[in-house]
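One structure below.
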Amino acid sequence: MERGRLWRTAFGNNLRLLELNGAGLTPELAARRSASGVASAAWIVGHLVSTRRRIVKLLGGSLPEDPVWEQHYARGGPGIGAHLEWPALLEAFRGTDEVLKSAFQQVPDWDRPTTNPALGLEQPLEQVLTFLFMHECYHLGQIGIIRKLLGLPGAI
């Protein structure tokens with residue numbers, strides 16, 4: 001399978017994972033911490049949008065500058081206080097899908113040395129993508145657990 005297609009499919013599947021795990025979360029539930037020290041589902045989705053925006057840039061794609069994503073959802077952030085309501089956060093996540101897919105189609109060198117933004121290490125681009133894909137899956141799994149902690153049934 002062509003690498004760009006593989007990554008388009010992998011990240012595209014995560015859109016469905018968010019739809020399943022996010023189903024039934026109201027704006028109020030999504031904004032609430034399900035337990036002490038646990039980020040809200042809304043903050044997590046904002047964090048993932050911020051990360052997807054960073055991935056597009058790593059791949060050489062472009063998005064309009066919007067520093068609010070980094071300001072509110074950077075690694076180590078507070079885990080609460082999303083700047084958008086839950087439906088708008090979900091729409092922002094969906095909105096990254098096409099631009100991300102387009103960026104994957106344009107990658108000329110999957111082995112290009114790239115700084116992993118989380119680790120600060122230089123790695124081949126595809127290795128950085130592997131790490132960031134794992135990061136996204138991890139957080140989407142957290143939303144599955146959060147929904148249970150908030151009293152909703154499991155979705156997957």
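Each chain of the structure tokens is named A, B, ... in the order shown, its residues numbered from 1; ligands are numbered from 1 in display order.
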Proximity of range 74-100 of chain A to range 19-27 of chain A: per-residue shortest pair, 8 Å limit, only C-alpha atoms, as JSON lines:
```
{"residue": "A:Glu85", "atom": "CA", "partner": "A:Pro27", "partner_atom": "CA", "distance": 6.3}
{"residue": "A:Trp86", "atom": "CA", "partner": "A:Pro27", "partner_atom": "CA", "distance": 5.0}
{"residue": "A:Pro87", "atom": "CA", "partner": "A:Pro27", "partner_atom": "CA", "distance": 7.3}
```
Can you write just those residues out, C-alpha atoms, as a PDB file, in the first residue's frame?
```pdb
ATOM      1  CA  GLU A  85     -18.168  24.452  22.607  1.00  0.00           C
ATOM      2  CA  TRP A  86     -18.157  20.661  22.091  1.00  0.00           C
ATOM      3  CA  PRO A  87     -19.949  20.698  18.687  1.00  0.00           C
TER       4      PRO A  87
END
```
Test item: residues at most 12 Å from Ala31 in chain A, only C-alpha atoms, excluding those fewer than 3 positions along its chain, as a tab-separated table (two decimals) with all heavy atoms, in the first residue's frame:
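And here's out.tsv as it stands now:
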```tsv
chain	number	residue	atom	x	y	z
A	25	LEU	N	-22.03	12.53	24.37
A	25	LEU	CA	-21.43	13.54	25.24
A	25	LEU	C	-22.08	14.89	24.92
A	25	LEU	O	-22.00	15.38	23.80
A	25	LEU	CB	-19.92	13.64	25.03
A	25	LEU	CG	-19.07	12.53	25.65
A	25	LEU	CD1	-17.62	12.67	25.21
A	25	LEU	CD2	-19.17	12.54	27.15
A	26	THR	N	-22.75	15.45	25.89
A	26	THR	CA	-23.31	16.78	25.74
A	26	THR	C	-22.20	17.81	25.94
A	26	THR	O	-21.14	17.48	26.48
A	26	THR	CB	-24.41	17.02	26.79
A	26	THR	OG1	-23.80	16.97	28.09
A	26	THR	CG2	-25.52	15.98	26.69
A	27	PRO	N	-22.43	19.05	25.55
A	27	PRO	CA	-21.42	20.07	25.81
A	27	PRO	C	-21.05	20.16	27.30
A	27	PRO	O	-19.89	20.35	27.64
A	27	PRO	CB	-22.07	21.37	25.31
A	27	PRO	CG	-22.96	20.91	24.20
A	27	PRO	CD	-23.51	19.58	24.70
A	28	GLU	N	-22.03	19.97	28.16
A	28	GLU	CA	-21.77	20.03	29.60
A	28	GLU	C	-20.91	18.86	30.05
A	28	GLU	O	-19.96	19.05	30.83
A	28	GLU	CB	-23.09	20.05	30.39
A	28	GLU	CG	-23.94	21.29	30.15
A	28	GLU	CD	-24.69	21.27	28.81
A	28	GLU	OE1	-24.97	20.18	28.27
A	28	GLU	OE2	-24.95	22.36	28.28
A	34	SER	N	-13.93	14.14	34.39
A	34	SER	CA	-14.61	12.93	34.87
A	34	SER	C	-14.04	12.43	36.19
A	34	SER	O	-14.67	11.65	36.89
A	34	SER	CB	-14.52	11.83	33.81
A	34	SER	OG	-13.15	11.56	33.52
A	38	VAL	N	-8.02	14.41	35.58
A	38	VAL	CA	-8.29	13.88	34.24
A	38	VAL	C	-8.76	15.03	33.36
A	38	VAL	O	-9.65	15.79	33.75
A	38	VAL	CB	-9.37	12.77	34.29
A	38	VAL	CG1	-9.76	12.32	32.89
A	38	VAL	CG2	-8.87	11.60	35.12
A	39	ALA	N	-8.17	15.18	32.19
A	39	ALA	CA	-8.58	16.24	31.27
A	39	ALA	C	-10.02	16.00	30.81
A	39	ALA	O	-10.49	14.86	30.75
A	39	ALA	CB	-7.65	16.28	30.07
A	40	SER	N	-10.70	17.08	30.48
A	40	SER	CA	-12.05	16.95	29.94
A	40	SER	C	-11.97	16.46	28.50
A	40	SER	O	-10.96	16.65	27.81
A	40	SER	CB	-12.77	18.30	29.98
A	40	SER	OG	-12.22	19.20	29.03
A	41	ALA	N	-13.04	15.82	28.05
A	41	ALA	CA	-13.10	15.36	26.65
A	41	ALA	C	-12.96	16.55	25.70
A	41	ALA	O	-12.29	16.45	24.67
A	41	ALA	CB	-14.40	14.61	26.40
A	42	ALA	N	-13.55	17.68	26.06
A	42	ALA	CA	-13.46	18.87	25.20
A	42	ALA	C	-12.01	19.33	25.07
A	42	ALA	O	-11.54	19.64	23.97
A	42	ALA	CB	-14.34	19.98	25.76
A	43	TRP	N	-11.29	19.38	26.19
A	43	TRP	CA	-9.90	19.81	26.12
A	43	TRP	C	-9.08	18.83	25.28
A	43	TRP	O	-8.24	19.24	24.47
A	43	TRP	CB	-9.29	19.94	27.53
A	43	TRP	CG	-7.92	20.57	27.46
A	43	TRP	CD1	-7.64	21.89	27.52
A	43	TRP	CD2	-6.68	19.88	27.28
A	43	TRP	NE1	-6.28	22.08	27.38
A	43	TRP	CE2	-5.67	20.87	27.24
A	43	TRP	CE3	-6.32	18.55	27.16
A	43	TRP	CZ2	-4.32	20.55	27.08
A	43	TRP	CZ3	-4.97	18.24	27.00
A	43	TRP	CH2	-4.00	19.23	26.96
A	44	ILE	N	-9.34	17.54	25.44
A	44	ILE	CA	-8.59	16.54	24.67
A	44	ILE	C	-8.81	16.73	23.17
A	44	ILE	O	-7.86	16.68	22.39
A	44	ILE	CB	-8.98	15.10	25.11
A	44	ILE	CG1	-8.44	14.83	26.52
A	44	ILE	CG2	-8.46	14.07	24.12
A	44	ILE	CD1	-8.95	13.54	27.14
A	45	VAL	N	-10.04	16.97	22.76
A	45	VAL	CA	-10.29	17.16	21.33
A	45	VAL	C	-9.58	18.43	20.84
A	45	VAL	O	-8.99	18.43	19.76
A	45	VAL	CB	-11.80	17.19	21.01
A	45	VAL	CG1	-12.06	17.61	19.57
A	45	VAL	CG2	-12.40	15.81	21.26
A	46	GLY	N	-9.60	19.49	21.63
A	46	GLY	CA	-8.85	20.69	21.26
A	46	GLY	C	-7.37	20.40	21.12
A	46	GLY	O	-6.71	20.89	20.19
A	79	GLY	N	-6.00	21.04	30.91
A	79	GLY	CA	-6.96	19.95	30.74
A	79	GLY	C	-8.41	20.35	30.88
A	79	GLY	O	-9.29	19.51	30.86
A	80	ILE	N	-8.65	21.64	31.06
A	80	ILE	CA	-10.02	22.14	31.14
A	80	ILE	C	-10.11	23.41	30.30
A	80	ILE	O	-9.12	23.85	29.73
A	80	ILE	CB	-10.44	22.44	32.60
A	80	ILE	CG1	-9.46	23.42	33.24
A	80	ILE	CG2	-10.55	21.18	33.41
A	80	ILE	CD1	-9.88	23.91	34.60
A	81	GLY	N	-11.28	23.97	30.22
A	81	GLY	CA	-11.42	25.28	29.60
A	81	GLY	C	-11.22	25.33	28.11
A	81	GLY	O	-10.43	26.14	27.64
A	82	ALA	N	-11.94	24.50	27.34
A	82	ALA	CA	-11.85	24.57	25.89
A	82	ALA	C	-12.37	25.93	25.41
A	82	ALA	O	-13.28	26.49	25.99
A	82	ALA	CB	-12.69	23.44	25.27
A	83	HIS	N	-11.77	26.45	24.37
A	83	HIS	CA	-12.16	27.78	23.87
A	83	HIS	C	-13.38	27.72	22.96
A	83	HIS	O	-13.93	28.76	22.61
A	83	HIS	CB	-10.98	28.46	23.18
A	83	HIS	CG	-10.73	28.04	21.76
A	83	HIS	ND1	-10.29	26.78	21.42
A	83	HIS	CD2	-10.86	28.73	20.60
A	83	HIS	CE1	-10.16	26.71	20.11
A	83	HIS	NE2	-10.50	27.87	19.59
A	84	LEU	N	-13.80	26.54	22.58
A	84	LEU	CA	-15.00	26.35	21.76
A	84	LEU	C	-15.93	25.36	22.45
A	84	LEU	O	-15.49	24.54	23.24
A	84	LEU	CB	-14.62	25.77	20.38
A	84	LEU	CG	-13.74	26.63	19.48
A	84	LEU	CD1	-13.34	25.84	18.24
A	84	LEU	CD2	-14.45	27.91	19.09
A	85	GLU	N	-17.20	25.44	22.11
A	85	GLU	CA	-18.17	24.45	22.61
A	85	GLU	C	-17.91	23.11	21.93
A	85	GLU	O	-17.32	23.04	20.85
A	85	GLU	CB	-19.60	24.92	22.32
A	85	GLU	CG	-20.02	26.12	23.15
A	85	GLU	CD	-20.21	25.77	24.61
A	85	GLU	OE1	-20.70	24.67	24.92
A	85	GLU	OE2	-19.86	26.62	25.45
A	86	TRP	N	-18.36	22.04	22.56
A	86	TRP	CA	-18.16	20.66	22.09
A	86	TRP	C	-18.50	20.48	20.61
A	86	TRP	O	-17.66	19.96	19.86
A	86	TRP	CB	-18.96	19.72	22.98
A	86	TRP	CG	-18.85	18.27	22.67
A	86	TRP	CD1	-19.87	17.45	22.29
A	86	TRP	CD2	-17.69	17.43	22.72
A	86	TRP	NE1	-19.42	16.17	22.09
A	86	TRP	CE2	-18.08	16.13	22.36
A	86	TRP	CE3	-16.35	17.67	23.04
A	86	TRP	CZ2	-17.19	15.06	22.31
A	86	TRP	CZ3	-15.46	16.61	22.98
A	86	TRP	CH2	-15.89	15.33	22.62
A	87	PRO	N	-19.67	20.90	20.12
A	87	PRO	CA	-19.95	20.70	18.69
A	87	PRO	C	-18.93	21.39	17.78
A	87	PRO	O	-18.54	20.84	16.75
A	87	PRO	CB	-21.35	21.30	18.50
A	87	PRO	CG	-21.97	21.26	19.86
A	87	PRO	CD	-20.83	21.48	20.82
A	89	LEU	N	-15.78	22.04	18.53
A	89	LEU	CA	-14.53	21.29	18.63
A	89	LEU	C	-14.56	20.06	17.73
A	89	LEU	O	-13.59	19.75	17.04
A	89	LEU	CB	-14.25	20.87	20.07
A	89	LEU	CG	-13.82	21.99	21.01
A	89	LEU	CD1	-13.92	21.53	22.46
A	89	LEU	CD2	-12.41	22.45	20.69
A	143	ILE	N	-11.02	9.31	25.75
A	143	ILE	CA	-12.40	9.76	25.64
A	143	ILE	C	-13.36	8.59	25.83
A	143	ILE	O	-14.41	8.74	26.45
A	143	ILE	CB	-12.64	10.49	24.30
A	143	ILE	CG1	-11.81	11.79	24.29
A	143	ILE	CG2	-14.12	10.81	24.09
A	143	ILE	CD1	-11.82	12.53	22.97
A	146	ILE	N	-13.44	8.22	29.55
A	146	ILE	CA	-14.14	9.36	30.14
A	146	ILE	C	-15.65	9.18	30.05
A	146	ILE	O	-16.38	9.44	31.00
A	146	ILE	CB	-13.69	10.68	29.46
A	146	ILE	CG1	-12.27	11.04	29.92
A	146	ILE	CG2	-14.67	11.82	29.72
A	146	ILE	CD1	-11.62	12.16	29.12
A	147	ARG	N	-16.12	8.72	28.91
A	147	ARG	CA	-17.57	8.55	28.75
A	147	ARG	C	-18.11	7.56	29.78
A	147	ARG	O	-19.19	7.76	30.32
A	147	ARG	CB	-17.94	8.18	27.32
A	147	ARG	CG	-17.47	6.84	26.83
A	147	ARG	CD	-17.90	6.48	25.41
A	147	ARG	NE	-19.31	6.21	25.36
A	147	ARG	CZ	-20.21	6.97	24.74
A	147	ARG	NH1	-19.85	8.03	24.07
A	147	ARG	NH2	-21.48	6.67	24.78
A	150	LEU	N	-18.31	9.15	33.16
A	150	LEU	CA	-19.42	10.09	33.22
A	150	LEU	C	-20.78	9.40	33.21
A	150	LEU	O	-21.81	10.06	33.19
A	150	LEU	CB	-19.32	11.11	32.08
A	150	LEU	CG	-18.13	12.06	32.14
A	150	LEU	CD1	-18.01	12.87	30.85
A	150	LEU	CD2	-18.25	12.99	33.34
```
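Near Arg16 in chain A, within a cut-off of 12 Å and counting only C-alpha atoms, sit the residues Thr9, Ala10, Gly22, Ala23, Leu90, Phe93, Arg94, Asp97, Cys137, Leu140, Ala155 and Ile156 of chain A, with same-chain residues fewer than 6 positions away left out.
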Can you check which residues of chain A DSSP gives as helix (DSSP H, G or I) on the backbone and send them as number ranges by chain? A: 3-22, 27-31, 41-58, 68-73, 86-105, 125-149
I want to know what sits within 8 Å of range 107-110 of chain A, based on only C-alpha atoms, with residues of the same chain fewer than 4 positions away left out; could you give that as an MDAnalysis selection string? chainID A and resid 4 59:60 103 124:126
Spatial neighbours of Ala74 in chain A, 8 Å, only C-alpha atoms, chain gap at least 4 places, as a PyMOL selection string: chain A and resi 47+50+69-70
Excluding same-chain residues fewer than 4 positions from Arg52 in chain A, what lies within 7 Å of it counting only C-alpha atoms, as a PyMOL selection string? chain A and resi 48+56+96
Could those residues be written to a file, using N, CA, C and O atoms, as a PDB file, in the first residue's frame?
```
ATOM      1  N   LEU A  48      -6.060  17.543  20.321  1.00  0.00           N
ATOM      2  CA  LEU A  48      -5.860  16.755  19.104  1.00  0.00           C
ATOM      3  C   LEU A  48      -5.954  17.620  17.852  1.00  0.00           C
ATOM      4  O   LEU A  48      -5.218  17.390  16.885  1.00  0.00           O
ATOM      5  N   VAL A  56      -0.002  18.713   9.859  1.00  0.00           N
ATOM      6  CA  VAL A  56      -0.139  19.290   8.518  1.00  0.00           C
ATOM      7  C   VAL A  56       1.096  20.123   8.187  1.00  0.00           C
ATOM      8  O   VAL A  56       1.663  20.014   7.098  1.00  0.00           O
ATOM      9  N   THR A  96     -10.002  19.141  10.031  1.00  0.00           N
ATOM     10  CA  THR A  96      -8.588  18.837   9.769  1.00  0.00           C
ATOM     11  C   THR A  96      -8.426  17.637   8.850  1.00  0.00           C
ATOM     12  O   THR A  96      -7.346  17.428   8.297  1.00  0.00           O
TER      13      THR A  96
END
```
Strand (DSSP E or B) residues, from DSSP on the backbone, in chain A, as JSON, numbers by chain: {"A": [113, 114, 115, 122, 123, 124]}
Based on the selection just made, write N, CA and C atoms of those residues as a PDB file, in the first residue's frame.
```pdb
ATOM      1  N   PRO A 113      14.626  13.959   7.647  1.00  0.00           N
ATOM      2  CA  PRO A 113      14.854  14.228   9.065  1.00  0.00           C
ATOM      3  C   PRO A 113      13.876  15.310   9.562  1.00  0.00           C
ATOM      4  N   THR A 114      13.182  14.992  10.633  1.00  0.00           N
ATOM      5  CA  THR A 114      12.134  15.860  11.175  1.00  0.00           C
ATOM      6  C   THR A 114      12.245  15.861  12.686  1.00  0.00           C
ATOM      7  N   THR A 115      12.066  17.009  13.279  1.00  0.00           N
ATOM      8  CA  THR A 115      12.087  17.078  14.740  1.00  0.00           C
ATOM      9  C   THR A 115      10.750  16.609  15.280  1.00  0.00           C
ATOM     10  N   GLU A 122      15.437  14.455  16.526  1.00  0.00           N
ATOM     11  CA  GLU A 122      15.330  14.364  15.083  1.00  0.00           C
ATOM     12  C   GLU A 122      15.153  12.905  14.697  1.00  0.00           C
ATOM     13  N   GLN A 123      14.114  12.645  13.903  1.00  0.00           N
ATOM     14  CA  GLN A 123      13.779  11.294  13.459  1.00  0.00           C
ATOM     15  C   GLN A 123      13.300  11.368  12.010  1.00  0.00           C
ATOM     16  N   PRO A 124      13.254  10.231  11.306  1.00  0.00           N
ATOM     17  CA  PRO A 124      12.636  10.243   9.984  1.00  0.00           C
ATOM     18  C   PRO A 124      11.166  10.666  10.101  1.00  0.00           C
TER      19      PRO A 124
END
```
Separation of CA of Glu91 in chain A from CA of Leu129 in chain A in Å: 22.7 Å
